[in-house]
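**Student:** Pasting protein-v5.cif here (mmCIF, C-alpha atoms):
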data_upload
#
loop_
_atom_site.label_atom_id
_atom_site.label_comp_id
_atom_site.auth_asym_id
_atom_site.auth_seq_id
_atom_site.Cartn_x
_atom_site.Cartn_y
_atom_site.Cartn_z
CA MET A 14 6.11 -7.81 -31.39
CA SER A 15 9.07 -9.00 -29.37
CA PRO A 16 9.73 -12.73 -29.93
CA GLY A 17 8.37 -14.90 -27.16
CA PHE A 18 5.43 -12.66 -26.32
CA HIS A 19 1.96 -13.31 -27.64
CA VAL A 20 -0.69 -10.66 -26.98
CA THR A 21 -4.39 -11.18 -27.57
CA CYS A 22 -6.72 -8.21 -27.33
CA GLY A 23 -10.07 -7.36 -28.86
CA ASP A 24 -8.96 -3.76 -29.27
CA PRO A 25 -6.40 -3.70 -32.12
CA ALA A 26 -5.00 -0.30 -31.11
CA VAL A 27 -4.34 -1.47 -27.54
CA ARG A 28 -2.84 -4.71 -28.79
CA ALA A 29 -0.55 -2.74 -31.10
CA TRP A 30 0.48 -0.41 -28.30
CA ILE A 31 1.33 -3.27 -25.93
CA GLY A 32 3.21 -5.00 -28.73
CA GLU A 33 5.23 -1.86 -29.41
CA TRP A 34 6.00 -1.46 -25.73
CA LEU A 35 7.19 -5.05 -25.45
CA GLU A 36 9.29 -4.63 -28.56
CA ALA A 37 10.89 -1.50 -27.11
CA THR A 38 11.94 -3.45 -23.99
CA ARG A 39 14.01 -5.70 -26.30
CA LEU A 40 13.27 -8.64 -24.01
CA GLU A 41 13.49 -12.01 -25.71
CA PRO A 42 12.33 -14.53 -23.10
CA PRO A 43 13.40 -18.16 -23.41
CA GLY A 44 9.82 -19.43 -23.30
CA ALA A 45 6.45 -18.39 -24.63
CA ILE A 46 4.60 -15.71 -22.69
CA ALA A 47 0.91 -15.05 -23.31
CA LEU A 48 -1.07 -11.98 -22.36
CA THR A 49 -4.81 -11.83 -22.90
CA VAL A 50 -5.98 -8.26 -22.56
CA ARG A 51 -9.50 -6.95 -22.19
CA VAL A 52 -10.34 -3.25 -22.27
CA ALA A 53 -13.28 -2.38 -20.04
CA SER A 54 -14.93 0.55 -18.36
CA GLU A 55 -14.03 -0.92 -14.97
CA VAL A 56 -12.25 -3.85 -13.39
CA PRO A 57 -14.82 -6.38 -12.17
CA PRO A 58 -14.82 -6.79 -8.38
CA THR A 59 -12.87 -9.84 -7.24
CA ARG A 60 -12.92 -11.50 -3.82
CA ASP A 61 -9.32 -12.16 -2.83
CA GLU A 62 -8.56 -12.23 0.88
CA ARG A 63 -4.83 -12.73 0.54
CA THR A 64 -2.78 -10.06 2.29
CA PRO A 65 -1.48 -7.69 -0.37
CA PHE A 66 2.16 -6.81 -0.80
CA ARG A 67 2.06 -3.09 -1.48
CA GLN A 68 4.35 -1.21 -3.82
CA PRO A 69 3.77 2.32 -5.08
CA GLN A 70 0.43 2.22 -6.92
CA LEU A 71 0.45 -1.59 -6.90
CA GLU A 72 -1.12 -4.27 -4.77
CA ILE A 73 0.19 -7.77 -5.31
CA ARG A 74 -1.54 -10.84 -3.94
CA SER A 75 0.19 -14.16 -4.33
CA GLY A 76 0.48 -17.66 -2.94
CA PRO A 77 -2.13 -19.91 -1.34
CA PRO A 78 -4.97 -20.51 -1.08
CA ALA A 79 -5.93 -19.04 -4.44
CA GLY A 80 -2.60 -19.69 -6.18
CA GLY A 81 -1.27 -17.50 -8.91
CA VAL A 82 -0.74 -13.76 -8.63
CA ARG A 83 -3.24 -10.93 -8.78
CA ILE A 84 -1.89 -7.45 -9.39
CA THR A 85 -4.02 -4.34 -9.19
CA TRP A 86 -2.81 -0.90 -10.24
CA ARG A 87 -4.01 2.41 -8.86
CA GLY A 88 -6.86 0.79 -6.99
CA ASP A 89 -9.06 -0.47 -9.78
CA GLN A 90 -7.51 1.03 -12.91
CA ALA A 91 -6.01 -2.22 -14.14
CA GLN A 92 -5.76 -5.80 -12.99
CA ALA A 93 -3.71 -8.83 -13.95
CA CYS A 94 -4.35 -12.42 -12.96
CA ILE A 95 -1.25 -14.51 -13.56
CA ASP A 96 -1.38 -18.29 -13.72
CA GLU A 97 0.31 -20.11 -10.86
CA ARG A 98 2.77 -21.95 -13.11
CA ALA A 99 2.31 -21.04 -16.76
CA ALA A 100 3.66 -17.79 -18.21
CA ARG A 101 0.15 -16.62 -18.91
CA ALA A 102 -1.78 -13.58 -17.69
CA ASP A 103 -5.29 -12.22 -18.10
CA LEU A 104 -5.33 -8.43 -17.96
CA VAL A 105 -8.21 -6.02 -17.59
CA ILE A 106 -7.29 -2.45 -18.42
CA THR A 107 -9.79 0.35 -17.93
CA ARG A 108 -10.28 3.03 -20.54
CA SER A 109 -9.29 5.67 -18.03
CA ALA A 110 -5.98 3.88 -17.41
CA LEU A 111 -5.28 4.04 -21.14
CA THR A 112 -5.27 7.84 -21.01
CA GLY A 113 -1.85 7.70 -19.33
CA ARG A 114 -0.08 4.98 -21.24
CA ASP A 115 3.48 5.70 -20.12
CA ALA A 116 2.45 5.41 -16.48
CA LEU A 117 0.41 2.30 -17.23
CA ALA A 118 3.37 0.67 -18.94
CA GLN A 119 5.99 1.62 -16.35
CA GLY A 120 3.78 1.00 -13.35
CA PHE A 121 1.62 -1.93 -14.36
CA LEU A 122 2.95 -3.73 -17.43
CA VAL A 123 6.47 -3.83 -16.00
CA ALA A 124 5.17 -5.51 -12.83
CA VAL A 125 3.17 -8.04 -14.83
CA THR A 126 6.20 -8.74 -17.01
CA VAL A 127 8.39 -9.35 -13.94
CA PHE A 128 6.06 -12.09 -12.73
CA LEU A 129 5.66 -13.65 -16.17
CA LEU A 130 9.41 -13.75 -16.74
CA ARG A 131 9.88 -15.58 -13.43
CA ARG A 132 7.90 -18.41 -14.95
CA VAL A 133 10.39 -18.85 -17.78
CA GLY A 134 13.44 -18.68 -15.50
CA TRP A 135 14.29 -14.99 -15.45
CA HIS A 136 14.36 -13.58 -11.93
CA HIS A 137 14.11 -9.89 -11.22
CA VAL A 138 16.75 -7.94 -9.32
CA HIS A 139 16.59 -4.22 -8.67
CA ALA A 140 19.94 -3.26 -10.17
CA ALA A 141 21.87 -1.54 -12.91
CA SER A 142 24.05 -3.56 -15.26
CA ALA A 143 27.15 -2.53 -17.19
CA VAL A 144 30.25 -3.77 -19.00
CA ASP A 145 33.52 -1.94 -18.48
CA PRO A 146 36.08 -1.29 -21.24
CA ARG A 147 37.97 -4.44 -20.16
CA GLY A 148 34.90 -6.56 -20.81
CA ARG A 149 34.03 -7.22 -17.18
CA GLY A 150 30.37 -7.30 -16.26
CA TRP A 151 29.11 -5.19 -13.35
CA LEU A 152 25.90 -5.33 -11.38
CA LEU A 153 25.07 -2.33 -9.20
CA ALA A 154 22.30 -3.22 -6.77
CA GLY A 155 20.52 -0.89 -4.43
CA ASP A 156 17.48 1.23 -3.74
CA ALA A 157 16.08 4.12 -5.76
CA GLN A 158 18.32 6.73 -4.12
CA CYS A 159 21.65 4.91 -4.10
CA GLY A 160 23.07 6.39 -7.29
CA LYS A 161 22.56 3.53 -9.76
CA SER A 162 21.16 5.67 -12.55
CA THR A 163 23.65 8.51 -12.22
CA THR A 164 26.49 5.99 -12.15
CA ALA A 165 25.08 4.17 -15.19
CA ALA A 166 24.90 7.46 -17.11
CA LEU A 167 28.43 8.49 -16.14
CA LEU A 168 29.77 5.04 -17.06
CA ALA A 169 28.07 5.28 -20.45
CA ALA A 170 29.72 8.68 -20.88
CA HIS A 171 33.06 6.92 -20.23
CA GLY A 172 32.31 4.50 -23.04
CA TRP A 173 31.03 1.59 -20.97
CA GLY A 174 28.23 -0.67 -22.11
CA VAL A 175 25.12 -0.15 -20.02
CA GLY A 176 22.20 -2.54 -19.92
CA ALA A 177 19.70 -1.11 -17.48
CA ASP A 178 19.77 1.46 -14.71
CA ASP A 179 17.10 -0.19 -12.60
CA LEU A 180 15.43 -3.30 -13.93
CA THR A 181 17.41 -6.45 -14.64
CA PHE A 182 16.70 -10.17 -14.73
CA LEU A 183 18.93 -13.07 -13.76
CA ASP A 184 18.83 -15.79 -16.42
CA ALA A 185 18.84 -18.90 -14.23
CA ALA A 186 19.61 -21.13 -17.21
CA THR A 187 23.05 -19.60 -17.76
CA ALA A 188 26.27 -20.62 -16.07
CA PRO A 189 27.82 -18.31 -15.03
CA ILE A 190 24.66 -16.33 -14.43
CA GLU A 191 23.91 -13.66 -17.00
CA VAL A 192 21.86 -10.57 -16.36
CA VAL A 193 19.35 -9.46 -18.95
CA ALA A 194 18.37 -5.81 -19.18
CA LEU A 195 14.98 -4.33 -19.87
CA ARG A 196 15.84 -1.56 -22.30
CA ALA A 197 14.73 1.84 -21.12
CA PRO A 198 16.32 5.28 -20.92
CA ILE A 199 18.65 5.88 -17.99
CA ALA A 200 16.45 8.08 -15.80
CA LEU A 201 18.15 11.02 -14.13
CA ARG A 202 16.95 13.53 -11.57
CA ASN A 203 18.39 17.02 -11.37
CA GLY A 204 21.40 15.95 -9.30
CA GLY A 205 22.39 13.33 -11.83
CA LEU A 206 21.78 15.69 -14.73
CA ALA A 207 24.05 18.27 -13.13
CA LEU A 208 26.85 15.72 -12.73
CA LEU A 209 26.40 14.49 -16.27
CA ALA A 210 26.48 18.11 -17.48
CA ARG A 211 24.60 17.32 -20.64
CA ALA A 212 21.51 18.93 -22.08
CA GLY A 213 18.73 17.12 -23.85
CA GLY A 214 17.42 13.72 -23.01
CA HIS A 215 13.93 12.30 -23.17
CA PRO A 216 11.24 13.70 -20.88
CA LEU A 217 10.05 10.87 -18.64
CA ARG A 218 6.61 10.16 -17.33
CA ASP A 219 6.72 11.86 -13.96
CA GLY A 220 8.20 15.04 -15.38
CA ARG A 221 10.95 15.15 -12.74
CA LYS A 222 13.43 13.02 -14.63
CA ARG A 223 15.03 13.01 -18.03
CA GLY A 224 16.20 9.91 -19.79
CA PHE A 225 19.19 9.02 -21.96
CA PHE A 226 20.03 5.84 -23.79
CA ALA A 227 23.62 4.69 -23.31
CA GLU A 228 24.38 5.29 -27.00
CA GLU A 229 23.38 8.94 -26.64
CA LEU A 230 26.03 9.37 -23.96
CA GLY A 231 28.90 7.76 -25.83
CA GLY A 232 28.42 4.25 -24.56
CA ARG A 233 26.56 1.27 -25.95
CA TRP A 234 23.62 -0.82 -24.90
CA ALA A 235 24.57 -4.13 -23.27
CA ASP A 236 21.56 -6.41 -23.46
CA ARG A 237 23.28 -9.19 -21.51
CA VAL A 238 25.97 -8.90 -18.86
CA ARG A 239 27.84 -11.67 -17.06
CA PRO A 240 28.65 -9.98 -13.74
CA ALA A 241 32.21 -10.39 -12.50
CA ILE A 242 31.75 -7.53 -10.03
CA ILE A 243 28.77 -6.90 -7.79
CA ALA A 244 28.78 -3.36 -6.45
CA LEU A 245 26.56 -2.09 -3.66
CA PRO A 246 26.55 1.67 -4.20
CA ARG A 247 25.59 4.58 -1.99
CA VAL A 248 25.91 8.28 -2.62
CA ASP A 249 28.75 9.87 -0.67
CA GLY A 250 30.05 13.41 -0.60
CA GLY A 251 33.75 12.50 -0.65
CA LYS A 252 35.90 10.80 -3.21
CA THR A 253 34.62 7.62 -4.76
CA ARG A 254 35.84 4.62 -2.75
CA VAL A 255 35.64 0.87 -3.07
CA GLU A 256 35.63 -1.53 -0.11
CA PRO A 257 35.43 -5.32 -0.24
CA VAL A 258 32.35 -6.98 1.19
CA GLU A 259 31.80 -10.58 2.21
CA ARG A 260 29.80 -12.61 -0.30
CA ARG A 261 27.26 -13.53 2.36
CA ASP A 262 26.60 -9.85 3.05
CA ALA A 263 26.39 -9.09 -0.66
CA LEU A 264 23.89 -11.92 -1.06
CA ALA A 265 21.81 -10.48 1.76
CA GLU A 266 21.80 -7.12 -0.02
CA LEU A 267 20.74 -8.74 -3.29
CA VAL A 268 17.89 -10.49 -1.51
CA ARG A 269 16.94 -7.14 -0.02
CA TRP A 270 16.85 -5.55 -3.47
CA SER A 271 14.86 -8.40 -4.92
CA ALA A 272 11.81 -7.70 -2.79
CA TRP A 273 9.50 -9.89 -4.83
CA VAL A 274 11.66 -12.97 -4.22
CA ALA A 275 9.43 -13.98 -1.31
CA LEU A 276 6.10 -13.61 -3.05
CA GLU A 277 5.62 -17.01 -4.62
CA PRO A 278 6.62 -20.09 -2.64
CA ALA A 279 7.02 -22.27 -5.72
CA LEU A 280 9.50 -19.87 -7.33
CA ALA A 281 11.28 -18.40 -4.32
CA GLN A 282 13.88 -21.17 -4.07
CA SER A 283 15.03 -20.94 -7.69
CA HIS A 284 15.18 -17.14 -7.37
CA LEU A 285 17.27 -17.40 -4.18
CA ASP A 286 19.57 -19.97 -5.74
CA ALA A 287 20.11 -17.76 -8.80
CA LEU A 288 21.08 -14.88 -6.51
CA ALA A 289 23.50 -17.14 -4.64
CA ARG A 290 25.10 -18.39 -7.87
CA LEU A 291 25.44 -14.82 -9.06
CA THR A 292 27.14 -13.81 -5.81
CA ALA A 293 29.48 -16.80 -5.95
CA GLN A 294 30.77 -15.91 -9.41
CA ALA A 295 31.60 -12.26 -8.62
CA THR A 296 33.90 -10.05 -6.63
CA CYS A 297 31.69 -8.10 -4.24
CA VAL A 298 32.35 -4.51 -3.22
CA ARG A 299 30.71 -1.61 -1.51
CA LEU A 300 30.91 1.54 -3.54
CA ALA A 301 30.85 5.04 -2.01
CA LEU A 302 30.01 7.28 -4.93
CA GLY A 303 31.53 10.75 -5.06
CA PRO A 304 31.26 13.56 -7.56
CA ASP A 305 34.70 12.62 -8.95
CA LEU A 306 32.88 9.90 -10.87
CA ALA A 307 32.06 12.63 -13.38
CA GLU A 308 35.73 13.50 -13.98
CA PRO A 309 37.15 12.75 -17.43
CA ARG A 310 39.30 9.89 -16.04
CA ASP A 311 37.48 6.60 -15.44
CA VAL A 312 37.50 6.50 -11.64
CA LEU A 313 35.84 3.09 -11.25
CA LEU A 314 38.21 1.45 -13.68
CA ALA A 315 41.15 2.88 -11.71
CA LEU A 316 39.69 1.69 -8.38
CA VAL A 317 38.88 -1.83 -9.55
CA PRO A 318 41.73 -2.60 -11.95
CA MET B 12 7.87 -37.23 25.22
CA THR B 13 10.56 -36.00 22.82
CA THR B 14 10.63 -32.57 21.23
CA ARG B 15 11.79 -32.48 17.66
CA PHE B 16 12.36 -29.45 15.52
CA VAL B 17 11.79 -29.02 11.82
CA ARG B 18 12.14 -26.18 9.36
CA HIS B 19 9.08 -23.99 9.02
CA PRO B 20 7.39 -24.72 5.67
CA ASP B 21 7.70 -21.02 4.75
CA LEU B 22 11.48 -21.14 5.06
CA ARG B 23 13.74 -21.04 2.03
CA HIS B 24 17.50 -20.85 2.22
CA THR B 25 20.51 -20.72 0.01
CA ALA B 26 24.23 -20.56 0.62
CA VAL B 27 27.37 -18.99 -0.75
CA ASP B 28 30.88 -19.85 0.45
CA GLY B 29 29.31 -22.14 3.05
CA GLU B 30 27.32 -19.34 4.67
CA GLY B 31 23.67 -18.76 4.06
CA ILE B 32 20.67 -16.56 3.74
CA VAL B 33 17.35 -17.69 5.16
CA LEU B 34 14.14 -16.21 3.85
CA HIS B 35 10.80 -16.52 5.61
CA LEU B 36 8.13 -16.28 2.95
CA GLY B 37 5.39 -15.43 5.41
CA SER B 38 7.07 -12.51 7.13
CA ARG B 39 9.22 -11.68 4.07
CA ARG B 40 12.16 -11.25 6.45
CA TYR B 41 15.60 -12.63 5.72
CA PHE B 42 18.46 -13.63 7.96
CA SER B 43 22.13 -14.43 7.53
CA VAL B 44 23.39 -17.69 8.96
CA ASN B 45 26.93 -18.91 9.46
CA GLU B 46 28.36 -22.21 8.25
CA THR B 47 27.17 -24.10 11.34
CA GLY B 48 23.70 -22.67 10.87
CA VAL B 49 23.61 -23.89 7.27
CA VAL B 50 24.53 -27.42 8.43
CA LEU B 51 21.78 -27.36 11.07
CA LEU B 52 19.19 -25.97 8.66
CA GLU B 53 19.96 -28.70 6.18
CA ALA B 54 19.55 -31.31 8.91
CA LEU B 55 16.22 -29.75 9.91
CA VAL B 56 14.62 -30.75 6.62
CA THR B 57 13.38 -33.69 8.68
CA PRO B 58 12.37 -33.42 12.34
CA ARG B 59 15.37 -33.64 14.68
CA SER B 60 15.79 -33.67 18.43
CA VAL B 61 18.42 -31.54 20.15
CA ASP B 62 20.50 -34.70 20.71
CA GLU B 63 20.35 -35.56 17.01
CA LEU B 64 21.40 -32.04 16.05
CA VAL B 65 24.30 -32.18 18.51
CA THR B 66 25.43 -35.38 16.81
CA THR B 67 25.13 -33.64 13.43
CA LEU B 68 27.56 -30.98 14.60
CA THR B 69 30.01 -33.30 16.35
CA ASP B 70 30.08 -35.47 13.21
CA ALA B 71 30.74 -32.45 10.99
CA TYR B 72 33.19 -30.51 13.15
CA ARG B 73 35.84 -31.10 15.75
CA VAL B 74 33.74 -29.77 18.58
CA SER B 75 32.93 -31.11 22.03
CA PRO B 76 29.38 -32.34 22.71
CA ASP B 77 28.90 -29.60 25.32
CA ASP B 78 29.94 -26.83 22.92
CA ALA B 79 27.81 -28.36 20.17
CA ARG B 80 24.80 -28.49 22.49
CA ARG B 81 25.23 -24.83 23.41
CA SER B 82 25.42 -23.92 19.71
CA VAL B 83 22.34 -26.00 18.88
CA VAL B 84 20.25 -24.59 21.71
CA THR B 85 21.20 -21.00 20.89
CA PHE B 86 20.50 -21.58 17.21
CA LEU B 87 17.11 -23.16 17.88
CA GLU B 88 16.12 -20.35 20.24
CA ARG B 89 16.94 -17.73 17.61
CA CYS B 90 15.20 -19.68 14.87
CA ALA B 91 12.11 -20.19 17.02
CA ALA B 92 11.93 -16.45 17.74
CA ALA B 93 11.98 -15.75 13.99
CA LYS B 94 9.53 -18.62 13.32
CA LEU B 95 12.11 -20.40 11.19
CA VAL B 96 11.63 -23.71 12.98
CA VAL B 97 8.61 -25.49 14.40
CA ALA B 98 8.67 -27.73 17.49
CA GLU B 99 6.87 -31.07 17.34
CA GLU B 100 6.16 -33.32 20.31
CA SER B 101 6.30 -37.07 19.82
#
Would you put the structure from the file into structure tokens?
**Tutor:**
Amino acid sequence: MSPGFHVTCGDPAVRAWIGEWLEATRLEPPGAIALTVRVASEVPPTRDERTPFRQPQLEIRSGPPAGGVRITWRGDQAQACIDERAARADLVITRSALTGRDALAQGFLVAVTVFLLRRVGWHHVHAASAVDPRGRGWLLAGDAQCGKSTTAALLAAHGWGVGADDLTFLDAATAPIEVVALRAPIALRNGGLALLARAGGHPLRDGRKRGFFAEELGGRWADRVRPAIIALPRVDGGKTRVEPVERRDALAELVRWSAWVALEPALAQSHLDALARLTAQATCVRLALGPDLAEPRDVLLALVP
Amino acid sequence: MTTRFVRHPDLRHTAVDGEGIVLHLGSRRYFSVNETGVVLLEALVTPRSVDELVTTLTDAYRVSPDDARRSVVTFLERCAAAKLVVAEES
């Protein structure tokens, strides 16, 4: 079990599986996090009239009047009720949900973990993290199609440290702000795989992606990164280019890619302030990603010397 | 009867390099604000009339009262449209 997490479950096999999943994330939160898990044939009906915030396969209800957060996955396959302040969650997982554990972990447990980590001062941002050969930390923030994962894989192939390709947390207790990575394979679609030009990798849950750990590509895993550069990438057909961007605009983009920042009034301000501190400590650039990123020379290092 | 304006309780904001981002928790929309906007938003923690906000700006910047009033009115109109401020009559 990863330090900091405490899982209680009447089903020892499910408890062991959740413990192994948490351990694989390599997250070591700064405060105690408790999950109480119950395996059931169905999630009991709950009256909650709060307007849900919908994400793929997730419905998230938060804020007043009930307080706390209620997350449901795939309708009624799993549910989490997270305490308003304490890093504590009660989960109900159906037996049918347990038949697809990878999907359950990536779709449901990750979401629950994001909200629990907020309560111990780690705020989620949808971004990749890396450390270049000069020791500078990078954060690449953007949506699912902006090239974060392909870039992370190519940077690893150039010997960079890579933390995460998608899921990172700002540690609000650090100054300058450090970004903590949830360890998971860098997930590539066919386009990214073609650029990487490497066979193998781990089959991932949806069958359309393959995953690589940074070490498998010639890089290393960077569990913590102190970003000196915030890059806002987009895929572009031409040569890779870097353009400066105002910090205010970069902050707006980070808020955009931290969609859950607005979900809990009591935590929104500290999340926003962490994003602002992060932006203030970094050089901010827009990054147009071209296929030359896959060339043997390190294009990004040449563009941002 | 005096109209005073105050920040909407669902508003959160933060700043970098003097400029800011405003987040409305209810609508989950966010807005960029310039340096003057940050000063006004900070003043709007407590209810303020237009005259008081004009004074806030003329105290903070070398700006004429007429220019400050135009800035305040425009800012309040935009904020009201986005439900970032609430008007109170007293």
**Student:** Once the PyMOL selection byres ((chain B) within 6 of (chain A)) has been evaluated on this model, what residues remain selected, and can you format them as a list in words?
**Tutor:**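 Selected by the PyMOL selection byres ((chain B) within 6 of (chain A)) in this file: Thr25, Val27, Leu36 and Arg39 of chain B.
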**Student:** Report as number ranges by chain the residues that result from applying the PyMOL selection byres ((chain B and resi 61) around 12) to the structure here.
**Tutor:** B: 13-17, 51, 54-55, 58-60, 62-68, 76-77, 79-88, 98-99
**Student:** Work out how far apart CA of Leu130 in chain A and CA of Val175 in chain A are and give it in Å to one decimal.
**Tutor:** 21.0 Å
**Student:** Using only C-alpha atoms, can you list as a short mmCIF file (atom, residue, chain, number, x, y, z; two decimals) with C-alpha atoms, in the frame of the given file the residues within 9 Å of (36.0, 1.9, -11.0)?
**Tutor:**
data_model
loop_
_atom_site.label_atom_id
_atom_site.label_comp_id
_atom_site.auth_asym_id
_atom_site.auth_seq_id
_atom_site.Cartn_x
_atom_site.Cartn_y
_atom_site.Cartn_z
CA ASP A 145 33.52 -1.94 -18.48
CA THR A 253 34.62 7.62 -4.76
CA ARG A 254 35.84 4.62 -2.75
CA VAL A 255 35.64 0.87 -3.07
CA LEU A 306 32.88 9.90 -10.87
CA ASP A 311 37.48 6.60 -15.44
CA VAL A 312 37.50 6.50 -11.64
CA LEU A 313 35.84 3.09 -11.25
CA LEU A 314 38.21 1.45 -13.68
CA ALA A 315 41.15 2.88 -11.71
CA LEU A 316 39.69 1.69 -8.38
CA VAL A 317 38.88 -1.83 -9.55
CA PRO A 318 41.73 -2.60 -11.95
#
**Student:** Skipping near chain neighbours, those fewer than 3 positions away, what residues fall within 9 Å of Asp305 in chain A using only C-alpha atoms, listed as a tab-separated table (two decimals) with C-alpha atoms, in the frame of the given file?
**Tutor:**
chain	number	residue	atom	x	y	z
A	251	GLY	CA	33.75	12.50	-0.65
A	252	LYS	CA	35.90	10.80	-3.21
A	253	THR	CA	34.62	7.62	-4.76
A	302	LEU	CA	30.01	7.28	-4.93
A	308	GLU	CA	35.73	13.50	-13.98
A	309	PRO	CA	37.15	12.75	-17.43
A	310	ARG	CA	39.30	9.89	-16.04
A	312	VAL	CA	37.50	6.50	-11.64
**Student:** Using all atoms listed in the file for the distances, tell me which of A:Ala116, A:Leu201, A:Leu104, A:Leu209 is nearest to Cys22 in chain A.
**Tutor:**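 The answer is A:Leu104, which sits nearest to Cys22 in chain A.
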**Student:** Fewer than 4 positions away in the same chain doesn't count, so skip those; otherwise give me all residues within 9 Å of Arg51 in chain A, counting all atoms listed in the file, as an mmCIF file with C-alpha atoms, keeping the file's coordinate frame.
**Tutor:**
data_model
loop_
_atom_site.group_PDB
_atom_site.id
_atom_site.type_symbol
_atom_site.label_atom_id
_atom_site.label_comp_id
_atom_site.auth_asym_id
_atom_site.auth_seq_id
_atom_site.Cartn_x
_atom_site.Cartn_y
_atom_site.Cartn_z
ATOM 1 C CA THR A 21 -4.390 -11.180 -27.570
ATOM 2 C CA CYS A 22 -6.720 -8.210 -27.330
ATOM 3 C CA GLY A 23 -10.070 -7.360 -28.860
ATOM 4 C CA ASP A 24 -8.960 -3.760 -29.270
ATOM 5 C CA ASP A 103 -5.290 -12.220 -18.100
ATOM 6 C CA LEU A 104 -5.330 -8.430 -17.960
ATOM 7 C CA VAL A 105 -8.210 -6.020 -17.590
ATOM 8 C CA ILE A 106 -7.290 -2.450 -18.420
ATOM 9 C CA THR A 107 -9.790 0.350 -17.930
#
**Student:** Report as a list of chain:residue names the residues that result from applying the PyMOL selection byres ((chain B and resi 22) around 6) to the structure here.
**Tutor:**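 Selected by the PyMOL selection byres ((chain B and resi 22) around 6) in this file: B:His19, B:Pro20, B:Asp21, B:Arg23, B:Leu34, B:His35.
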**Student:** How about saving the chosen residues, C-alpha atoms kept, as a CSV table (one decimal), in the frame of the given file?
**Tutor:**
chain,number,residue,atom,x,y,z
B,19,HIS,CA,9.1,-24.0,9.0
B,20,PRO,CA,7.4,-24.7,5.7
B,21,ASP,CA,7.7,-21.0,4.8
B,23,ARG,CA,13.7,-21.0,2.0
B,34,LEU,CA,14.1,-16.2,3.8
B,35,HIS,CA,10.8,-16.5,5.6
**Student:** Do you have the CA of Arg63 in chain A-CA of Ala110 in chain A distance handy?
**Tutor:** 24.5 Å
**Student:** Would you kindly return, as a list in words, each protein, DNA or RNA residue with an atom no farther than 10 Å from any atom of Gly155 in chain A, considering all atoms listed in the file and excluding same-chain residues fewer than 3 positions away?
**Tutor:**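 That gives Val138, His139, Ala140, Ala141, Leu152, Gln158, Cys159, Gly160, Lys161, Asp179, Ala244, Leu245, Pro246, Arg247, Glu266, Leu267, Arg269, Trp270 and Ser271 of chain A.
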**Student:** Please compute the CA of Thr163 in chain A-CA of Val127 in chain A distance, one decimal, in Å.
**Tutor:**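 Going from CA of Thr163 in chain A over to CA of Val127 in chain A covers 23.6 Å.
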**Student:** Using only C-alpha atoms for the distances, tell me which of A:Gly174, A:Gly231, A:Pro216, A:Pro43 is nearest to Asp115 in chain A.
**Tutor:**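 Residue with the minimum atom-to-atom distance to Asp115 in chain A: A:Pro216.
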**Student:** Show me as a CSV table (one decimal) with C-alpha atoms, in the coordinates of the input the residues that reach within 9 Å of (0.2, -19.2, -14.1), counting all atoms listed in the file and using the file's own coordinates.
**Tutor:**
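result-v9.csv, written as the output of this step:
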chain,number,residue,atom,x,y,z
A,80,GLY,CA,-2.6,-19.7,-6.2
A,81,GLY,CA,-1.3,-17.5,-8.9
A,82,VAL,CA,-0.7,-13.8,-8.6
A,94,CYS,CA,-4.4,-12.4,-13.0
A,95,ILE,CA,-1.2,-14.5,-13.6
A,96,ASP,CA,-1.4,-18.3,-13.7
A,97,GLU,CA,0.3,-20.1,-10.9
A,98,ARG,CA,2.8,-22.0,-13.1
A,99,ALA,CA,2.3,-21.0,-16.8
A,100,ALA,CA,3.7,-17.8,-18.2
A,101,ARG,CA,0.2,-16.6,-18.9
A,102,ALA,CA,-1.8,-13.6,-17.7
A,129,LEU,CA,5.7,-13.6,-16.2
A,132,ARG,CA,7.9,-18.4,-15.0
